[in-house]
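So this one's run21.csv, CSV, C-alpha atoms and all ligand atoms:
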chain,number,residue,atom,x,y,z
A,203,MET,CA,20.3,-26.7,4.0
A,204,ALA,CA,22.1,-24.1,2.0
A,205,ASN,CA,22.1,-23.9,-1.8
A,206,LEU,CA,25.2,-25.6,-3.0
A,207,THR,CA,24.8,-25.2,-6.7
A,208,VAL,CA,27.5,-23.3,-8.4
A,209,ASN,CA,28.1,-22.3,-12.0
A,210,TYR,CA,31.7,-22.7,-13.3
A,211,LEU,CA,32.5,-21.6,-16.8
A,212,GLY,CA,28.8,-21.9,-17.8
A,213,VAL,CA,28.5,-25.4,-16.4
A,214,GLU,CA,26.1,-26.1,-13.5
A,215,PHE,CA,27.6,-28.2,-10.7
A,216,LYS,CA,25.2,-29.6,-8.1
A,217,ASN,CA,27.8,-28.8,-5.4
A,218,PRO,CA,31.3,-27.2,-5.6
A,219,VAL,CA,33.2,-30.4,-4.7
A,220,VAL,CA,35.1,-32.2,-7.4
A,221,THR,CA,38.1,-34.5,-7.4
A,222,ALA,CA,41.7,-33.7,-8.5
A,223,SER,CA,43.3,-35.2,-11.5
A,224,GLY,CA,45.5,-38.2,-10.9
A,225,THR,CA,44.0,-39.0,-7.5
A,226,PHE,CA,40.6,-40.4,-8.5
A,227,GLY,CA,41.4,-42.6,-11.5
A,228,PHE,CA,38.6,-42.3,-14.1
A,229,GLY,CA,36.0,-42.2,-11.3
A,230,MET,CA,34.5,-45.7,-12.0
A,231,GLU,CA,37.0,-47.3,-9.5
A,232,TYR,CA,35.5,-45.1,-6.7
A,233,ASN,CA,31.9,-45.6,-7.9
A,234,GLU,CA,32.3,-49.1,-6.4
A,235,LEU,CA,32.7,-47.5,-3.0
A,236,TYR,CA,30.0,-44.9,-3.1
A,237,PRO,CA,27.8,-43.3,-5.8
A,238,ILE,CA,30.1,-40.7,-7.2
A,239,GLU,CA,27.0,-38.9,-8.6
A,240,LYS,CA,26.9,-37.3,-5.1
A,241,LEU,CA,29.9,-35.2,-6.2
A,242,GLY,CA,29.7,-32.0,-8.2
A,243,GLY,CA,32.1,-33.6,-10.7
A,244,ILE,CA,35.3,-35.4,-11.2
A,245,THR,CA,38.6,-34.6,-12.9
A,246,VAL,CA,40.0,-37.6,-14.7
A,247,LYS,CA,43.6,-38.6,-14.6
A,248,GLY,CA,46.0,-36.7,-16.9
A,249,LEU,CA,45.5,-37.6,-20.5
A,250,THR,CA,48.1,-37.4,-23.2
A,251,LEU,CA,47.8,-37.8,-27.0
A,252,ASN,CA,49.4,-41.3,-26.9
A,253,GLU,CA,49.4,-43.9,-24.2
A,254,ARG,CA,52.1,-43.5,-21.5
A,255,GLN,CA,53.6,-46.1,-19.2
A,256,GLY,CA,54.7,-43.6,-16.6
A,257,ASN,CA,57.8,-43.6,-14.4
A,258,PRO,CA,59.5,-46.6,-12.8
A,259,ALA,CA,58.8,-47.3,-9.1
A,260,PRO,CA,59.0,-45.7,-6.6
A,261,ARG,CA,56.2,-43.4,-7.6
A,262,ILE,CA,54.8,-42.3,-4.2
A,263,TYR,CA,56.7,-41.4,-1.0
A,264,GLU,CA,55.0,-40.4,2.2
A,265,THR,CA,56.0,-37.2,3.9
A,266,PRO,CA,54.7,-35.4,7.0
A,267,SER,CA,51.1,-34.4,6.1
A,268,GLY,CA,51.5,-35.2,2.4
A,269,VAL,CA,53.1,-37.2,-0.4
A,270,LEU,CA,55.7,-36.8,-3.0
A,271,ASN,CA,54.7,-38.4,-6.3
A,272,SER,CA,56.5,-39.1,-9.6
A,273,VAL,CA,53.8,-41.1,-11.5
A,274,GLY,CA,54.8,-39.7,-14.8
A,275,LEU,CA,51.4,-39.3,-16.3
A,276,GLN,CA,50.6,-43.0,-16.9
A,277,ASN,CA,47.4,-43.2,-18.9
A,278,PRO,CA,45.9,-45.1,-21.9
A,279,GLY,CA,45.9,-42.1,-24.2
A,280,VAL,CA,43.2,-39.7,-25.2
A,281,ARG,CA,41.6,-41.8,-28.0
A,282,TYR,CA,41.1,-44.8,-25.6
A,283,PHE,CA,39.5,-42.4,-23.1
A,284,ALA,CA,37.2,-40.9,-25.7
A,285,LYS,CA,36.1,-44.3,-27.0
A,286,ASN,CA,35.9,-46.5,-23.9
A,287,ILE,CA,35.8,-44.3,-20.8
A,288,MET,CA,33.9,-41.2,-21.6
A,289,PRO,CA,30.7,-43.1,-22.8
A,290,GLN,CA,30.5,-44.7,-19.3
A,291,LEU,CA,31.1,-41.5,-17.5
A,292,LYS,CA,28.5,-39.7,-19.6
A,293,LYS,CA,25.8,-42.0,-18.2
A,294,LEU,CA,26.3,-40.5,-14.7
A,295,ASP,CA,24.7,-37.4,-13.4
A,296,LEU,CA,27.9,-35.4,-12.7
A,297,LYS,CA,30.3,-33.1,-14.5
A,298,ILE,CA,33.4,-34.4,-16.2
A,299,ILE,CA,36.6,-32.3,-16.2
A,300,ALA,CA,39.2,-33.8,-18.6
A,301,ASN,CA,42.8,-33.0,-17.7
A,302,VAL,CA,45.2,-32.9,-20.6
A,303,SER,CA,49.0,-32.9,-20.7
A,304,GLY,CA,51.5,-32.8,-23.5
A,305,SER,CA,55.2,-32.3,-24.2
A,306,THR,CA,54.8,-30.2,-27.4
A,307,PHE,CA,52.3,-27.5,-28.5
A,308,SER,CA,50.9,-29.7,-31.2
A,309,ASP,CA,50.5,-32.7,-28.7
A,310,TYR,CA,48.3,-30.4,-26.5
A,311,VAL,CA,46.2,-29.2,-29.4
A,312,GLU,CA,45.7,-32.6,-31.0
A,313,ALA,CA,44.8,-34.2,-27.6
A,314,CYS,CA,42.4,-31.4,-26.7
A,315,LYS,CA,40.6,-31.7,-30.1
A,316,ILE,CA,39.9,-35.4,-29.3
A,317,VAL,CA,38.7,-34.5,-25.8
A,318,ASP,CA,36.6,-31.7,-27.2
A,319,ALA,CA,34.7,-34.1,-29.4
A,320,SER,CA,34.3,-36.6,-26.5
A,321,GLY,CA,31.6,-34.6,-24.6
A,322,ALA,CA,33.7,-33.6,-21.6
A,323,ASP,CA,32.2,-30.6,-19.8
A,324,ILE,CA,35.4,-28.8,-19.2
A,325,ILE,CA,39.0,-29.2,-20.4
A,326,GLU,CA,41.7,-28.6,-17.8
A,327,LEU,CA,45.1,-28.0,-19.3
A,328,ASN,CA,48.0,-29.2,-17.2
A,329,VAL,CA,50.8,-26.8,-18.0
A,330,SER,CA,53.2,-28.2,-15.4
A,331,CYS,CA,54.6,-30.6,-18.0
A,332,PRO,CA,58.2,-30.2,-19.3
A,333,ASN,CA,58.4,-28.4,-22.7
A,334,VAL,CA,60.5,-30.8,-24.7
A,335,LYS,CA,61.4,-28.3,-27.4
A,336,GLN,CA,62.5,-25.7,-24.8
A,337,GLY,CA,64.9,-27.8,-22.8
A,338,GLY,CA,62.4,-29.3,-20.4
A,339,ALA,CA,61.4,-26.3,-18.3
A,340,ALA,CA,57.6,-26.6,-17.5
A,341,PHE,CA,55.3,-24.8,-19.9
A,342,GLY,CA,53.6,-23.2,-16.9
A,343,THR,CA,56.6,-21.4,-15.6
A,344,ASN,CA,56.8,-18.8,-18.5
A,345,PRO,CA,53.9,-16.4,-19.0
A,346,ASP,CA,54.6,-16.0,-22.8
A,347,THR,CA,54.5,-19.8,-23.2
A,348,VAL,CA,51.3,-20.1,-21.2
A,349,TYR,CA,49.8,-17.3,-23.3
A,350,GLU,CA,50.8,-19.1,-26.5
A,351,ILE,CA,49.6,-22.5,-25.6
A,352,THR,CA,46.3,-21.2,-24.2
A,353,LYS,CA,45.6,-19.3,-27.4
A,354,MET,CA,46.4,-22.3,-29.6
A,355,VAL,CA,44.2,-24.7,-27.6
A,356,LYS,CA,41.3,-22.2,-27.2
A,357,GLU,CA,41.1,-21.6,-30.9
A,358,ALA,CA,41.0,-25.4,-31.6
A,359,ILE,CA,38.1,-26.3,-29.2
A,360,SER,CA,34.6,-25.3,-28.1
A,361,THR,CA,34.6,-26.9,-24.7
A,362,PRO,CA,35.2,-24.4,-21.8
A,363,LEU,CA,38.9,-24.3,-21.0
A,364,CYS,CA,40.7,-23.8,-17.7
A,365,ILE,CA,44.4,-23.7,-17.3
A,366,LYS,CA,45.9,-25.5,-14.3
A,367,LEU,CA,48.7,-23.5,-12.9
A,368,SER,CA,52.0,-24.6,-11.5
A,369,PRO,CA,52.9,-23.3,-8.1
A,370,ASN,CA,56.6,-23.5,-8.9
A,371,VAL,CA,56.9,-19.9,-10.0
A,372,THR,CA,57.6,-16.5,-8.4
A,373,ASP,CA,54.3,-14.9,-9.2
A,374,ILE,CA,51.5,-17.4,-10.0
A,375,SER,CA,49.0,-14.5,-10.5
A,376,ALA,CA,51.0,-13.2,-13.5
A,377,ILE,CA,50.9,-16.6,-15.1
A,378,GLY,CA,47.1,-16.8,-14.5
A,379,GLN,CA,46.7,-13.4,-16.0
A,380,ALA,CA,48.6,-14.5,-19.1
A,381,ALA,CA,46.3,-17.5,-19.5
A,382,MET,CA,43.2,-15.2,-19.1
A,383,ASP,CA,44.6,-12.7,-21.6
A,384,ALA,CA,45.0,-15.5,-24.1
A,385,GLY,CA,41.3,-16.4,-23.8
A,386,ALA,CA,41.1,-19.0,-21.0
A,387,ASP,CA,37.7,-19.3,-19.5
A,388,GLY,CA,39.1,-20.1,-16.0
A,389,LEU,CA,42.0,-21.3,-13.9
A,390,SER,CA,42.7,-24.1,-11.6
A,391,LEU,CA,45.4,-24.2,-8.9
A,392,ILE,CA,47.6,-25.5,-7.5
A,393,ASN,CA,49.5,-28.4,-9.1
A,394,THR,CA,52.1,-30.1,-7.0
A,395,VAL,CA,55.0,-28.2,-5.4
A,396,THR,CA,58.5,-29.4,-6.4
A,397,GLY,CA,60.2,-31.4,-3.7
A,398,MET,CA,62.6,-34.3,-3.1
A,399,ALA,CA,63.6,-36.9,-0.6
A,400,ILE,CA,66.8,-38.8,0.1
A,401,ASP,CA,66.8,-42.5,0.8
A,402,LEU,CA,68.8,-43.0,4.1
A,403,LYS,CA,69.8,-46.6,3.2
A,404,ASN,CA,72.0,-45.5,0.3
A,405,ARG,CA,72.0,-41.7,0.7
A,406,LYS,CA,70.7,-41.2,-2.8
A,407,PRO,CA,67.5,-39.5,-4.1
A,408,VAL,CA,64.4,-41.6,-3.6
A,409,PHE,CA,63.1,-40.9,-7.1
A,410,HIS,CA,64.7,-41.7,-10.4
A,411,ASN,CA,63.9,-38.2,-11.6
A,412,VAL,CA,65.4,-36.8,-8.4
A,413,VAL,CA,62.6,-34.2,-7.9
A,414,ALA,CA,58.9,-35.1,-7.4
A,415,GLY,CA,55.7,-33.3,-6.7
A,416,LEU,CA,54.5,-32.6,-3.2
A,417,SER,CA,50.8,-32.5,-2.3
A,418,GLY,CA,48.4,-33.0,0.6
A,419,PRO,CA,47.6,-30.9,3.7
A,420,CYS,CA,51.2,-29.7,4.0
A,421,VAL,CA,50.7,-27.5,0.9
A,422,LYS,CA,47.4,-26.1,1.8
A,423,PRO,CA,48.5,-22.7,3.2
A,424,ILE,CA,50.6,-22.2,0.0
A,425,ALA,CA,47.6,-23.1,-2.2
A,426,VAL,CA,45.2,-20.8,-0.3
A,427,ARG,CA,47.7,-17.9,-0.6
A,428,MET,CA,48.0,-18.6,-4.4
A,429,VAL,CA,44.3,-18.8,-4.9
A,430,TYR,CA,43.8,-15.5,-3.0
A,431,GLN,CA,46.5,-13.7,-5.0
A,432,THR,CA,45.4,-15.1,-8.4
A,433,TYR,CA,41.7,-14.3,-7.8
A,434,GLY,CA,42.7,-10.9,-6.5
A,435,LYS,CA,44.6,-10.1,-9.7
A,436,THR,CA,42.5,-11.8,-12.3
A,437,LYS,CA,39.0,-12.2,-10.9
A,438,ALA,CA,39.0,-15.4,-12.9
A,439,PRO,CA,36.7,-18.3,-12.1
A,440,ILE,CA,39.0,-20.7,-10.1
A,441,ILE,CA,39.1,-24.4,-9.1
A,442,GLY,CA,41.0,-24.4,-5.9
A,443,MET,CA,43.0,-27.3,-4.6
A,444,GLY,CA,45.9,-28.3,-2.4
A,445,GLY,CA,45.4,-30.5,0.7
A,446,ILE,CA,41.7,-30.1,1.0
A,447,ALA,CA,40.6,-32.6,3.7
A,448,ASN,CA,37.3,-31.2,5.2
A,449,GLY,CA,34.5,-28.7,4.8
A,450,ASN,CA,36.4,-26.0,6.6
A,451,ASP,CA,39.3,-26.3,4.1
A,452,ALA,CA,36.8,-25.9,1.3
A,453,VAL,CA,35.4,-22.7,2.9
A,454,GLU,CA,38.9,-21.3,3.1
A,455,PHE,CA,39.6,-21.9,-0.6
A,456,MET,CA,36.2,-20.5,-1.6
A,457,ALA,CA,36.6,-17.4,0.6
A,458,ALA,CA,40.0,-16.9,-1.1
A,459,GLY,CA,38.3,-16.9,-4.5
A,460,ALA,CA,37.6,-20.5,-5.6
A,461,THR,CA,34.2,-21.4,-7.2
A,462,LEU,CA,34.9,-25.2,-7.2
A,463,VAL,CA,37.1,-27.1,-4.7
A,464,SER,CA,39.0,-30.2,-5.6
A,465,VAL,CA,40.0,-33.0,-3.4
A,466,GLY,CA,43.2,-34.8,-4.3
A,467,THR,CA,45.8,-36.6,-2.1
A,468,MET,CA,43.3,-37.1,0.7
A,469,ASN,CA,41.4,-39.6,-1.5
A,470,PHE,CA,44.4,-41.9,-0.9
A,471,LYS,CA,44.0,-41.6,2.9
A,472,ASP,CA,40.3,-41.8,3.0
A,473,PRO,CA,38.3,-42.3,-0.3
A,474,PHE,CA,35.2,-40.8,1.3
A,475,THR,CA,36.9,-37.4,1.9
A,476,PRO,CA,35.0,-35.7,-1.0
A,477,LEU,CA,31.6,-36.7,0.7
A,478,LYS,CA,32.9,-35.4,4.0
A,479,VAL,CA,33.9,-32.1,2.4
A,480,ILE,CA,30.3,-31.7,1.0
A,481,ASP,CA,28.8,-32.5,4.5
A,482,GLY,CA,31.3,-30.2,6.3
A,483,LEU,CA,30.7,-27.3,3.9
A,484,ASN,CA,27.0,-27.7,4.3
A,485,SER,CA,27.2,-27.7,8.2
A,486,TYR,CA,29.5,-24.7,8.1
A,487,LEU,CA,27.1,-22.7,6.0
A,488,ASP,CA,24.1,-23.7,8.2
A,489,HIS,CA,26.0,-22.8,11.4
A,490,ALA,CA,27.0,-19.4,9.9
A,491,GLY,CA,23.5,-18.7,8.7
A,492,ILE,CA,24.6,-18.5,5.0
A,493,SER,CA,21.9,-19.7,2.7
A,494,ASP,CA,23.9,-19.8,-0.6
A,495,VAL,CA,27.4,-21.1,-1.0
A,496,ASN,CA,28.0,-18.6,-3.8
A,497,GLU,CA,28.0,-15.8,-1.1
A,498,ILE,CA,31.4,-16.9,0.2
A,499,ILE,CA,33.3,-17.0,-3.1
A,500,GLY,CA,36.0,-14.3,-2.8
A,501,CYS,CA,34.6,-12.9,0.5
A,502,ALA,CA,38.0,-12.8,2.2
A,503,HIS,CA,39.1,-10.0,-0.2
A,504,PRO,CA,38.9,-6.4,1.0
A,505,ALA,CA,36.2,-5.8,-1.6
A,506,GLY,CA,34.5,-9.1,-0.9
A,507,LYS,CA,30.9,-9.3,0.1
A,508,LYS,CA,30.3,-8.7,3.8
A,509,ILE,CA,28.5,-11.8,5.1
A,601,LIG,C1,49.5,-39.3,-7.5
A,601,LIG,C2,49.2,-37.9,-8.1
A,601,LIG,C3,49.0,-37.8,-9.5
A,601,LIG,C4,48.6,-36.6,-10.0
A,601,LIG,N1,48.4,-36.5,-11.4
A,601,LIG,C5,48.1,-35.4,-12.0
A,601,LIG,C6,47.8,-35.3,-13.3
A,601,LIG,O1,47.8,-36.3,-14.1
A,601,LIG,N2,47.5,-34.0,-13.9
A,601,LIG,C7,47.4,-32.9,-13.1
A,601,LIG,O2,47.2,-31.8,-13.6
A,601,LIG,N3,47.7,-33.0,-11.7
A,601,LIG,C8,48.0,-34.2,-11.2
A,601,LIG,N4,48.2,-34.2,-9.8
A,601,LIG,C9,48.1,-33.0,-9.0
A,601,LIG,C10,46.7,-33.0,-8.3
A,601,LIG,O3,45.7,-33.0,-9.2
A,601,LIG,C11,46.6,-31.7,-7.4
A,601,LIG,O4,46.7,-30.5,-8.2
A,601,LIG,C12,47.7,-31.6,-6.3
A,601,LIG,O5,48.0,-32.9,-5.8
A,601,LIG,C13,47.2,-30.7,-5.2
A,601,LIG,O6,46.0,-31.1,-4.6
A,601,LIG,P1,46.0,-32.1,-3.3
A,601,LIG,O7,47.0,-31.6,-2.3
A,601,LIG,O8,44.6,-32.1,-2.8
A,601,LIG,O9,46.5,-33.5,-3.8
A,601,LIG,C14,48.5,-35.4,-9.2
A,601,LIG,C15,48.7,-35.6,-7.8
A,601,LIG,C16,49.0,-36.8,-7.3
A,601,LIG,C17,49.2,-36.9,-5.8

Just dump the structure as structure tokens.
Amino acid sequence: MANLTVNYLGVEFKNPVVTASGTFGFGMEYNELYPIEKLGGITVKGLTLNERQGNPAPRIYETPSGVLNSVGLQNPGVRYFAKNIMPQLKKLDLKIIANVSGSTFSDYVEACKIVDASGADIIELNVSCPNVKQGGAAFGTNPDTVYEITKMVKEAISTPLCIKLSPNVTDISAIGQAAMDAGADGLSLINTVTGMAIDLKNRKPVFHNVVAGLSGPCVKPIAVRMVYQTYGKTKAPIIGMGGIANGNDAVEFMAAGATLVSVGTMNFKDPFTPLKVIDGLNSYLDHAGISDVNEIIGCAHPAGKKI
């Protein structure tokens, strides 16, 4: 059996498989199905400074090989998380990545300070949220805004910080570079791809917000390409995600440059997917005669290690 231990942002993960924000609740729900301690870690659902009710239904719409979602960041707020959820999660032997969203710069900073004090291992900043003060375009679509928000949050916390990038941009690697220049410790990508669907009964958009976020196996080639390009430009430590369904998918993301791989939408189809990804990754490495998973990180690049 190969060594599966990886170090991401100075945090030791027992294996590189984690879960993606918004697809795994706060972890405890899944702990009733299997011991989630088998995972390297979990990313909790997106937290905001104050509680949010989320968007009206419909929130999820199935597409070929994926889903569109418009959940609208329903969550109990960061204070509730720190007081009631984090103490339970801290009892488990796995790493906790806290995903934080906001609609203003000060919301992000205040929420991150509370998470920072809660004992989360890593803070993942979701910059795909609309910037209320700048007309609603997502924070993550402008390198200057990403630079500014990263710097402000980084200065306010001591927990390692990774910036979760939006794929809805022309050059994701430039946005990743801006985050790293501002002091981010790492990156995670991709968030959902903007999409929409029309209801054939009334010929109107399915979602109240018209557009929604596409995820699942249909986005995987886009995500692998973006991880490859972002790692190629920045050499940043990366959490790769987008449609991961099995061990071979994990190998692709790691070869493109990811250190950790995150399972998202596939949890809805089969909640045991993260365990299957760990097993599949292990078998792949055994069959290929690779004794350490770290060997494959970034190996698809021209300067990557020959293995
Ligand atoms: C229902 C749902 C809710 C999500 N909520 C969040 C969230 O709160 N914060 C965030 O950064 N990403 C969120 N995401 C994006 C996922 O974490 C992930 O980046 C994306 O879905 C791509 O991975 P996947 O194809 O494996 O799902 C959500 C995705 C889905 C499907």

Can you build me a table of chain A residues sitting at most 6 Å from ligand LIG 601 (chain A), with the closest atom pair per residue and its distance in Å to one decimal, using all atoms listed in the file, sorted by chain and residue number, as CSV?
residue,atom,partner,partner_atom,distance
A:Ala222,CA,A:LIG601,O3,4.1
A:Ser223,CA,A:LIG601,O3,4.0
A:Gly224,CA,A:LIG601,N1,3.4
A:Thr225,CA,A:LIG601,C2,5.3
A:Lys247,CA,A:LIG601,O1,4.8
A:Gly248,CA,A:LIG601,O1,3.4
A:Asn271,CA,A:LIG601,C1,5.4
A:Leu275,CA,A:LIG601,O1,5.2
A:Asn328,CA,A:LIG601,O2,4.5
A:Ile392,CA,A:LIG601,O4,5.1
A:Asn393,CA,A:LIG601,O4,3.6
A:Thr394,CA,A:LIG601,C12,4.7
A:Ser417,CA,A:LIG601,O7,3.9
A:Gly418,CA,A:LIG601,O7,3.5
A:Met443,CA,A:LIG601,O6,4.8
A:Gly444,CA,A:LIG601,O7,3.5
A:Gly445,CA,A:LIG601,O7,3.6
A:Ile446,CA,A:LIG601,O8,5.2
A:Val465,CA,A:LIG601,O8,4.7
A:Gly466,CA,A:LIG601,O8,3.4
A:Thr467,CA,A:LIG601,O9,3.6

(request) Can you work out which one of A:Pro439, A:Pro345, A:Gly415, A:Pro258 has the shortest atom-to-atom distance to Asp387 of chain A, counting only C-alpha atoms? (result)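 Using only C-alpha atoms, Asp387 of chain A sits closest to A:Pro439.
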
(request) May I have the residues within 9 Å of Met428 of chain A as a ChimeraX atom specification, using all atoms listed in the file and disregarding those fewer than 5 positions away in the same chain? (result) /A:369,373-375,391-392,423,433,458

(request) Using all atoms listed in the file, determine which residues lie at most 8 Å from Val273 of chain A, disregarding the query and same-chain residues fewer than 3 positions distant; provide the list as a list of chain:residue names. (result)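 Listing them by chain and then by number gives A:Gly256, A:Asn257, A:Arg261, A:Ile262, A:Gln276.
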
(request) Select, from A:Ile377, A:Leu462, A:Met288, A:Ala452, the residue with the minimum atom-to-atom distance to Glu214 of chain A, counting only C-alpha atoms. (result)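 The answer is A:Leu462, which sits nearest to Glu214 of chain A.
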
(request) Tell me which protein, DNA and RNA residues are within 9 Å of segment 293-305 of chain A, counting only C-alpha atoms, leaving out same-chain ones fewer than 2 positions away, and put them as a PyMOL selection string. (result) chain A and resi 213-216+220+223-224+238-251+275+280+288-291+307-311+313-314+317+321-335+338+341+366

(message) For a quick check of understanding, using only C-alpha atoms, which of A:Gln336, A:Asn496, A:Asn233, A:Asn286 has the smallest distance to Thr461 of chain A?
(response)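 Under the stated criterion, the closest residue is A:Asn496.
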
(request) To one decimal in Å, tell me the separation between atom CA of Ala319 of chain A and atom CA of Lys292 of chain A. (result)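 Value for the atom CA of Ala319 of chain A-atom CA of Lys292 of chain A distance: 12.9 Å.
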
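Separating atom CA of Ser368 of chain A from atom CA of Thr343 of chain A is a distance of 6.9 Å.
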
(message) For a test of reading the model, state the distance in Å between atom CA of Pro419 of chain A and atom CA of Pro260 of chain A, rounded to one decimal.
(response)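 Result for atom CA of Pro419 of chain A versus atom CA of Pro260 of chain A: 21.3 Å, one decimal.
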
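Using all atoms listed in the file, the nearest neighbour of Lys315 of chain A within the list A:Val348, A:Ile287, A:Ile499, A:Ala358 is A:Ala358.
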
(message) Could you check the closest approach to Thr306 of chain A for each of A:Asn484, A:Ser320, A:Thr361, A:Thr347 and tell me which residue wins, using only C-alpha atoms?
(response)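 Between A:Asn484, A:Ser320, A:Thr361, A:Thr347, the residue approaching Thr306 of chain A most closely is A:Thr347.
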
(message) Set the distance at 12 Å and use only C-alpha atoms: which residues neighbour Glu454 of chain A once local chain neighbours fewer than 3 positions away are removed? I'd like the list as an MDAnalysis selection string.
(response) chainID A and resid 422:423 425:427 429:430 442:451 457:463 479 483 486 498:503

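Closest to Glu234 of chain A among A:Ile492, A:Val421, A:Asn252, A:Pro473 is A:Pro473, based on all atoms listed in the file.
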
How about completing segment 351-373 of chain A with N, CA and C atoms and giving it to me as a JSON list (two decimals), keeping the file's coordinate frame?
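Okay, this is what ended up in rebuild26.json:
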[["chain", "number", "residue", "atom", "x", "y", "z"],
["A", 351, "ILE", "N", 50.22, -21.24, -25.58],
["A", 351, "ILE", "CA", 49.60, -22.50, -25.60],
["A", 351, "ILE", "C", 48.05, -22.40, -25.33],
["A", 352, "THR", "N", 47.69, -21.47, -24.47],
["A", 352, "THR", "CA", 46.30, -21.20, -24.20],
["A", 352, "THR", "C", 45.56, -20.80, -25.45],
["A", 353, "LYS", "N", 46.17, -19.87, -26.15],
["A", 353, "LYS", "CA", 45.60, -19.30, -27.40],
["A", 353, "LYS", "C", 45.37, -20.43, -28.42],
["A", 354, "MET", "N", 46.43, -21.23, -28.59],
["A", 354, "MET", "CA", 46.40, -22.30, -29.60],
["A", 354, "MET", "C", 45.25, -23.29, -29.28],
["A", 355, "VAL", "N", 45.18, -23.69, -28.02],
["A", 355, "VAL", "CA", 44.20, -24.70, -27.60],
["A", 355, "VAL", "C", 42.77, -24.07, -27.72],
["A", 356, "LYS", "N", 42.64, -22.87, -27.21],
["A", 356, "LYS", "CA", 41.30, -22.20, -27.20],
["A", 356, "LYS", "C", 40.74, -22.10, -28.60],
["A", 357, "GLU", "N", 41.62, -21.79, -29.56],
["A", 357, "GLU", "CA", 41.10, -21.60, -30.90],
["A", 357, "GLU", "C", 40.72, -22.96, -31.56],
["A", 358, "ALA", "N", 41.21, -24.07, -30.98],
["A", 358, "ALA", "CA", 41.00, -25.40, -31.60],
["A", 358, "ALA", "C", 39.74, -26.11, -30.99],
["A", 359, "ILE", "N", 39.18, -25.59, -29.90],
["A", 359, "ILE", "CA", 38.10, -26.30, -29.20],
["A", 359, "ILE", "C", 36.90, -25.44, -28.91],
["A", 360, "SER", "N", 35.79, -26.08, -28.56],
["A", 360, "SER", "CA", 34.60, -25.30, -28.10],
["A", 360, "SER", "C", 34.25, -25.56, -26.67],
["A", 361, "THR", "N", 34.82, -26.62, -26.07],
["A", 361, "THR", "CA", 34.60, -26.90, -24.70],
["A", 361, "THR", "C", 35.21, -25.81, -23.80],
["A", 362, "PRO", "N", 34.55, -25.39, -22.69],
["A", 362, "PRO", "CA", 35.20, -24.40, -21.80],
["A", 362, "PRO", "C", 36.57, -24.88, -21.35],
["A", 363, "LEU", "N", 37.50, -23.93, -21.30],
["A", 363, "LEU", "CA", 38.90, -24.30, -21.00],
["A", 363, "LEU", "C", 39.41, -23.62, -19.76],
["A", 364, "CYS", "N", 39.97, -24.45, -18.87],
["A", 364, "CYS", "CA", 40.70, -23.80, -17.70],
["A", 364, "CYS", "C", 42.11, -24.28, -17.74],
["A", 365, "ILE", "N", 42.96, -23.38, -17.29],
["A", 365, "ILE", "CA", 44.40, -23.70, -17.30],
["A", 365, "ILE", "C", 44.82, -23.96, -15.86],
["A", 366, "LYS", "N", 45.46, -25.12, -15.68],
["A", 366, "LYS", "CA", 45.90, -25.50, -14.30],
["A", 366, "LYS", "C", 47.32, -25.05, -14.09],
["A", 367, "LEU", "N", 47.46, -24.18, -13.11],
["A", 367, "LEU", "CA", 48.70, -23.50, -12.90],
["A", 367, "LEU", "C", 49.69, -24.23, -12.01],
["A", 368, "SER", "N", 50.97, -24.06, -12.32],
["A", 368, "SER", "CA", 52.00, -24.60, -11.50],
["A", 368, "SER", "C", 52.37, -23.65, -10.37],
["A", 369, "PRO", "N", 52.55, -24.18, -9.15],
["A", 369, "PRO", "CA", 52.90, -23.30, -8.10],
["A", 369, "PRO", "C", 54.42, -22.97, -8.04],
["A", 370, "ASN", "N", 55.19, -23.62, -8.95],
["A", 370, "ASN", "CA", 56.60, -23.50, -8.90],
["A", 370, "ASN", "C", 57.14, -22.30, -9.68],
["A", 371, "VAL", "N", 56.60, -21.14, -9.33],
["A", 371, "VAL", "CA", 56.90, -19.90, -10.00],
["A", 371, "VAL", "C", 56.98, -18.78, -8.95],
["A", 372, "THR", "N", 57.53, -17.63, -9.34],
["A", 372, "THR", "CA", 57.60, -16.50, -8.40],
["A", 372, "THR", "C", 56.29, -15.85, -8.19],
["A", 373, "ASP", "N", 55.55, -15.61, -9.30],
["A", 373, "ASP", "CA", 54.30, -14.90, -9.20],
["A", 373, "ASP", "C", 53.21, -15.66, -10.00]]
